[in-house]
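The data block below is input-v7.txt; it holds compact mmCIF, C-alpha atoms.
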```
# COMPACT_ATOMS: atom_id res chain seq x y z
CA MET E 1 -20.74 27.08 23.19
CA ALA E 2 -17.14 27.94 22.23
CA PRO E 3 -15.98 24.30 21.64
CA LEU E 4 -19.07 23.62 19.51
CA LEU E 5 -18.47 26.71 17.40
CA LEU E 6 -14.80 25.79 16.91
CA ALA E 7 -15.76 22.25 15.84
CA GLN E 8 -18.22 23.64 13.30
CA ALA E 9 -15.54 25.99 11.95
CA LYS E 10 -13.30 23.13 10.85
CA PRO E 11 -13.23 22.20 7.15
CA VAL E 12 -14.58 18.85 5.98
CA LEU E 13 -13.14 16.52 3.34
CA VAL E 14 -15.36 14.90 0.71
CA PRO E 15 -13.12 12.29 -0.97
CA ASP E 16 -13.75 9.63 -3.59
CA VAL E 17 -11.84 7.19 -5.78
CA SER E 18 -12.22 6.32 -9.44
CA GLN E 19 -12.57 2.60 -8.70
CA ARG E 20 -14.08 1.09 -5.56
CA SER E 21 -13.36 -2.40 -6.87
CA ILE E 22 -10.40 -3.68 -8.93
CA GLU E 23 -10.53 -7.17 -10.42
CA ILE E 24 -7.37 -9.07 -11.30
CA VAL E 25 -7.62 -11.29 -14.38
CA TYR E 26 -4.98 -13.08 -16.44
CA SER E 27 -4.34 -9.95 -18.52
CA PHE E 28 -4.04 -7.59 -15.53
CA THR E 29 -1.00 -5.31 -15.93
CA GLY E 30 -1.78 -2.81 -13.19
CA ALA E 31 -4.26 0.00 -12.67
CA ASP E 32 -4.19 3.77 -12.47
CA LEU E 33 -6.23 4.83 -9.44
CA LEU E 34 -7.53 8.40 -9.31
CA LEU E 35 -8.20 9.91 -5.88
CA PHE E 36 -10.14 13.17 -5.94
CA GLY E 37 -12.48 15.24 -3.86
CA ALA E 38 -13.27 18.62 -2.38
CA ILE E 39 -12.56 20.63 0.75
CA LEU E 40 -15.72 22.09 2.28
CA TYR E 41 -14.95 25.22 4.31
CA PRO E 42 -17.41 26.86 6.72
CA GLY E 43 -19.43 29.40 4.79
CA GLY E 44 -18.53 27.75 1.49
CA ARG E 45 -15.44 29.92 0.91
CA VAL E 46 -11.71 29.52 1.44
CA PRO E 47 -10.73 31.56 4.52
CA ALA E 48 -9.04 34.79 3.51
CA GLY E 49 -5.65 35.63 4.93
CA GLU E 50 -4.76 32.05 5.91
CA ARG E 51 -2.02 29.90 4.45
CA PRO E 52 -3.20 27.45 1.76
CA ALA E 53 -3.91 23.96 3.06
CA ASP E 54 -2.14 20.86 1.78
CA ILE E 55 -3.51 17.43 0.90
CA VAL E 56 -1.93 14.04 1.55
CA VAL E 57 -3.44 10.79 0.24
CA VAL E 58 -2.37 7.36 1.45
CA VAL E 59 -3.40 4.03 -0.08
CA LYS E 60 -2.76 1.01 2.15
CA GLY E 61 -3.15 -2.68 1.56
CA PRO E 62 -3.99 -5.27 4.22
CA THR E 63 -1.27 -5.88 6.81
CA GLN E 64 0.70 -9.11 6.79
CA SER E 65 3.40 -10.87 8.76
CA ILE E 66 6.76 -10.67 6.95
CA LEU E 67 10.06 -12.39 7.71
CA VAL E 68 13.14 -10.43 6.58
CA ARG E 69 16.46 -12.26 6.27
CA GLU E 70 19.87 -10.67 5.94
CA LYS E 71 22.41 -12.24 3.60
CA GLU E 72 26.01 -12.72 4.68
CA LYS E 73 28.99 -13.95 2.67
CA VAL E 74 30.63 -16.98 4.28
CA ALA E 75 33.57 -18.69 2.53
CA GLY E 76 32.56 -17.04 -0.74
CA ILE E 77 28.94 -18.21 -0.50
CA TRP E 78 25.96 -16.00 0.35
CA VAL E 79 23.90 -17.54 3.15
CA ASN E 80 21.02 -16.40 5.38
CA ALA E 81 22.30 -14.84 8.60
CA ALA E 82 20.26 -12.64 10.96
CA ARG E 83 16.50 -12.33 10.52
CA THR E 84 13.60 -10.30 11.90
CA ARG E 85 9.86 -10.84 11.66
CA TYR E 86 7.38 -7.99 11.39
CA ARG E 87 3.89 -8.58 12.70
CA SER E 88 1.83 -6.02 10.76
CA ALA E 89 3.66 -4.58 7.77
CA PRO E 90 1.34 -3.18 5.06
CA SER E 91 1.34 -5.34 1.96
CA PHE E 92 1.01 -2.19 -0.15
CA TYR E 93 1.65 1.45 0.72
CA ALA E 94 1.50 4.50 -1.54
CA ILE E 95 1.57 8.11 -0.41
CA ALA E 96 1.13 11.24 -2.53
CA SER E 97 1.22 14.80 -1.25
CA SER E 98 0.98 18.36 -2.50
CA ARG E 99 4.37 19.09 -0.94
CA PRO E 100 7.11 16.91 0.59
CA ILE E 101 5.90 15.40 3.86
CA GLY E 102 8.86 16.82 5.78
CA GLU E 103 7.65 20.33 4.95
CA LEU E 104 4.08 19.69 6.14
CA VAL E 105 4.24 18.04 9.58
CA ASP E 106 6.82 17.22 12.22
CA GLU E 107 8.24 13.77 12.94
CA ARG E 108 5.78 13.02 15.75
CA THR E 109 2.74 13.74 13.57
CA ARG E 110 4.18 11.67 10.75
CA ALA E 111 4.59 8.73 13.12
CA ILE E 112 1.02 9.05 14.48
CA TYR E 113 -0.60 9.01 11.03
CA GLU E 114 2.12 6.91 9.31
CA LEU E 115 2.83 9.60 6.74
CA GLY E 116 5.86 8.56 4.72
CA LEU E 117 7.92 5.44 4.19
CA ASP E 118 10.21 6.37 7.07
CA SER E 119 7.23 6.61 9.46
CA LEU E 120 5.62 3.19 8.97
CA GLN E 121 4.79 1.28 12.16
CA LEU E 122 6.02 -2.18 11.16
CA SER E 123 5.70 -3.81 14.64
CA PRO E 124 8.83 -5.99 14.80
CA VAL E 125 8.51 -9.17 16.85
CA SER E 126 12.26 -9.42 17.50
CA THR E 127 13.87 -8.17 20.71
CA ALA E 128 17.02 -7.14 18.85
CA PRO E 129 18.67 -3.78 19.59
CA ALA E 130 17.03 -0.67 18.16
CA GLU E 131 19.87 -0.14 15.66
CA GLU E 132 19.43 -3.63 14.21
CA GLN E 133 15.65 -3.27 14.01
CA ALA E 134 16.05 0.07 12.21
CA ARG E 135 18.46 -1.55 9.72
CA PHE E 136 16.04 -4.37 8.98
CA GLY E 137 13.16 -1.88 8.70
CA ARG E 138 15.06 0.13 6.09
CA GLY E 139 15.84 -3.08 4.24
CA LEU E 140 12.18 -4.13 4.18
CA VAL E 141 11.06 -0.74 2.89
CA GLU E 142 13.76 -0.79 0.22
CA LEU E 143 12.79 -4.28 -0.98
CA LYS E 144 9.11 -3.32 -1.17
CA ALA E 145 9.95 -0.08 -2.98
CA ARG E 146 12.02 -1.97 -5.56
CA SER E 147 9.08 -4.24 -6.33
CA GLY E 148 6.72 -1.25 -6.69
CA LEU E 149 4.68 -2.07 -3.58
CA TYR E 150 5.89 0.92 -1.52
CA ILE E 151 5.60 4.28 -3.29
CA GLU E 152 6.18 7.85 -2.16
CA THR E 153 5.49 10.71 -4.61
CA PRO E 154 5.73 14.27 -3.26
CA ARG E 155 4.06 17.09 -5.21
CA ALA E 156 1.76 14.57 -6.89
CA VAL E 157 -1.46 16.07 -5.50
CA GLU E 158 -2.98 18.92 -7.52
CA ILE E 159 -5.15 21.43 -5.66
CA THR E 160 -7.40 23.75 -7.71
CA ASP E 161 -8.63 27.05 -6.24
CA GLY E 162 -7.86 25.74 -2.76
CA VAL E 163 -10.95 23.52 -2.90
CA LEU E 164 -10.69 20.68 -5.43
CA TYR E 165 -7.85 18.15 -5.35
CA ARG E 166 -6.79 15.11 -7.32
CA ALA E 167 -3.95 12.60 -7.32
CA ARG E 168 -3.08 9.42 -9.18
CA VAL E 169 -1.67 6.27 -7.58
CA THR E 170 -0.33 3.40 -9.67
CA ILE E 171 -1.44 -0.07 -8.60
CA PRO E 172 1.21 -2.57 -9.82
CA ALA E 173 0.41 -5.89 -11.46
CA ARG E 174 1.75 -7.89 -8.50
CA VAL E 175 -0.44 -6.13 -5.95
CA PRO E 176 -1.88 -8.44 -3.26
CA VAL E 177 -5.62 -8.94 -2.98
CA GLY E 178 -7.79 -7.80 -0.10
CA ARG E 179 -9.46 -4.75 1.41
CA PHE E 180 -7.49 -1.55 0.77
CA THR E 181 -8.04 1.88 2.30
CA ALA E 182 -7.60 5.29 0.67
CA GLU E 183 -6.99 7.90 3.38
CA THR E 184 -7.05 11.63 2.73
CA PHE E 185 -5.56 14.20 5.14
CA LEU E 186 -6.03 17.97 5.13
CA ILE E 187 -2.99 19.67 6.66
CA ARG E 188 -2.26 23.29 7.48
CA ASP E 189 0.34 24.92 9.74
CA GLY E 190 1.72 21.52 10.72
CA ARG E 191 -1.65 20.17 11.96
CA VAL E 192 -4.06 17.60 10.54
CA LEU E 193 -7.35 19.51 10.27
CA ALA E 194 -9.48 16.76 8.73
CA ALA E 195 -9.26 13.15 7.53
CA ALA E 196 -11.48 10.80 5.57
CA VAL E 197 -11.29 7.17 4.41
CA ARG E 198 -12.66 5.25 1.45
CA ASP E 199 -12.44 1.46 0.98
CA ILE E 200 -11.18 -0.28 -2.15
CA ASP E 201 -11.58 -4.00 -2.84
CA ILE E 202 -8.93 -5.72 -4.95
CA ARG E 203 -9.81 -9.31 -5.80
CA LYS E 204 -9.08 -11.96 -8.34
CA SER E 205 -11.65 -12.75 -11.01
CA GLY E 206 -12.32 -15.50 -13.51
CA PHE E 207 -9.94 -18.47 -13.67
CA GLU E 208 -7.44 -16.79 -11.30
CA ARG E 209 -10.14 -16.53 -8.64
CA PHE E 210 -11.09 -20.18 -9.14
CA VAL E 211 -7.47 -21.31 -8.70
CA ALA E 212 -6.95 -19.12 -5.62
CA ARG E 213 -10.13 -20.44 -3.96
CA ALA E 214 -9.23 -24.03 -4.81
CA ALA E 215 -5.77 -23.61 -3.25
CA GLU E 216 -7.30 -22.08 -0.13
CA ARG E 217 -10.31 -24.35 0.42
CA SER E 218 -9.03 -27.68 -0.93
CA SER E 219 -5.27 -27.49 -0.50
CA ILE E 220 -4.65 -31.27 -0.65
CA LEU E 221 -6.70 -31.78 -3.80
CA TYR E 222 -5.10 -28.68 -5.33
CA GLY E 223 -1.61 -30.00 -4.60
CA LEU E 224 -2.36 -33.46 -6.04
CA THR E 225 -3.86 -31.88 -9.16
CA ALA E 226 -0.82 -29.66 -9.63
CA VAL E 227 1.57 -32.63 -9.31
CA LEU E 228 -0.50 -34.75 -11.71
CA LEU E 229 -0.64 -31.90 -14.21
CA SER E 230 3.13 -31.39 -14.01
CA VAL E 231 3.83 -35.09 -14.53
CA SER E 232 1.42 -35.24 -17.46
CA LEU E 233 2.95 -32.21 -19.15
CA GLY E 234 6.45 -33.64 -18.64
CA TRP E 235 5.43 -36.98 -20.13
CA PHE E 236 3.73 -35.25 -23.09
CA ALA E 237 6.81 -33.09 -23.74
CA GLY E 238 9.03 -36.19 -23.70
CA TRP E 239 6.68 -38.02 -26.10
CA VAL E 240 6.76 -35.05 -28.51
CA ALA E 241 10.58 -34.89 -28.30
CA ARG E 242 10.87 -38.59 -29.18
CA ARG E 243 8.52 -38.21 -32.13
CA VAL E 244 10.43 -35.24 -33.50
```
In structure tokens, what does this structure look like?
Amino acid sequence: MAPLLLAQAKPVLVPDVSQRSIEIVYSFTGADLLLFGAILYPGGRVPAGERPADIVVVVKGPTQSILVREKEKVAGIWVNAARTRYRSAPSFYAIASSRPIGELVDERTRAIYELGLDSLQLSPVSTAPAEEQARFGRGLVELKARSGLYIETPRAVEITDGVLYRARVTIPARVPVGRFTAETFLIRDGRVLAAAVRDIDIRKSGFERFVARAAERSSILYGLTAVLLSVSLGWFAGWVARRV
């Protein structure tokens, strides 16, 4: 009975998000996503005499294949040199925690749960040396962070009375569409005690959705329409210029 009693003694996370679905329209400038929830302890009370637990929330977008090129200056001109492809890099990654990740878990645990920008499992396809792969990995993370698609905010999770928690994650305007996941981790004494996941759908709506579907389902017709529209607009602009 001992293993069963120990399993029952573990706390349980009850997470939720402010928006299960985010629609992107022409006026979309980003969204402020609220992640909140409660920690349910056995007996309904926070254990006395134990260190307070910490909360980490991670929002991930769908994975994608990404090709990273390194620029090199040749004869005064910047050209593409070495390159590395990553098989499953997250299109969006945001992590918020009650304390810095380095103070909560060790490097091995961070790698297992992908906690932190320096612990992402990017799955490089290249057989280049480890030093070169690490350099390209840092470059990819830096580029994504500059564009607001990779975010790390320590001390951004507020915990009230050791039970209720909340955190805000900013979704940028250029966020990709697809099925996102919001993961919540309960950590104490360097161990992950509990975890829970909620799904978030980000999709285009209105005219943007119509254009995206047309480009995906009827690519040839979409391309011809785009060329015809460009030619027509160019001709109209020239006609207006001659009249003026």
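Atom CA of Phe92 of chain E lies 18.3 Å from atom CA of Ser18 of chain E.
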**OP:** For a cut-off of 10 Å around (13.0, -1.1, 7.5), file coordinates, pick out all residues using only C-alpha atoms and list them as number ranges by chain.
**Re:** E: 68, 86, 89, 117-122, 124, 132-144
Edge lengths and centre in Å to one decimal, as lines of an AutoDock Vina configuration file, of the axis-aligned box that encloses all listed atoms of segment 75-92 of chain E with 3 Å added on every side?
```
center_x = 17.3
center_y = -10.4
center_z = 6.0
size_x = 38.6
size_y = 22.5
size_z = 19.4
```
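Shortest atom-to-atom contact with Val125 of chain E among E:Leu34, E:Arg85, E:Thr109, E:Ala96: E:Arg85, counting only C-alpha atoms.
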Subject >> Shell of 8 Å around segment 98-107 of chain E, all atoms listed in the file, local chain residues under 2 positions omitted, as a PyMOL selection string >> reply: chain E and resi 54-56+96+109-111+115-116+154-159+187-191
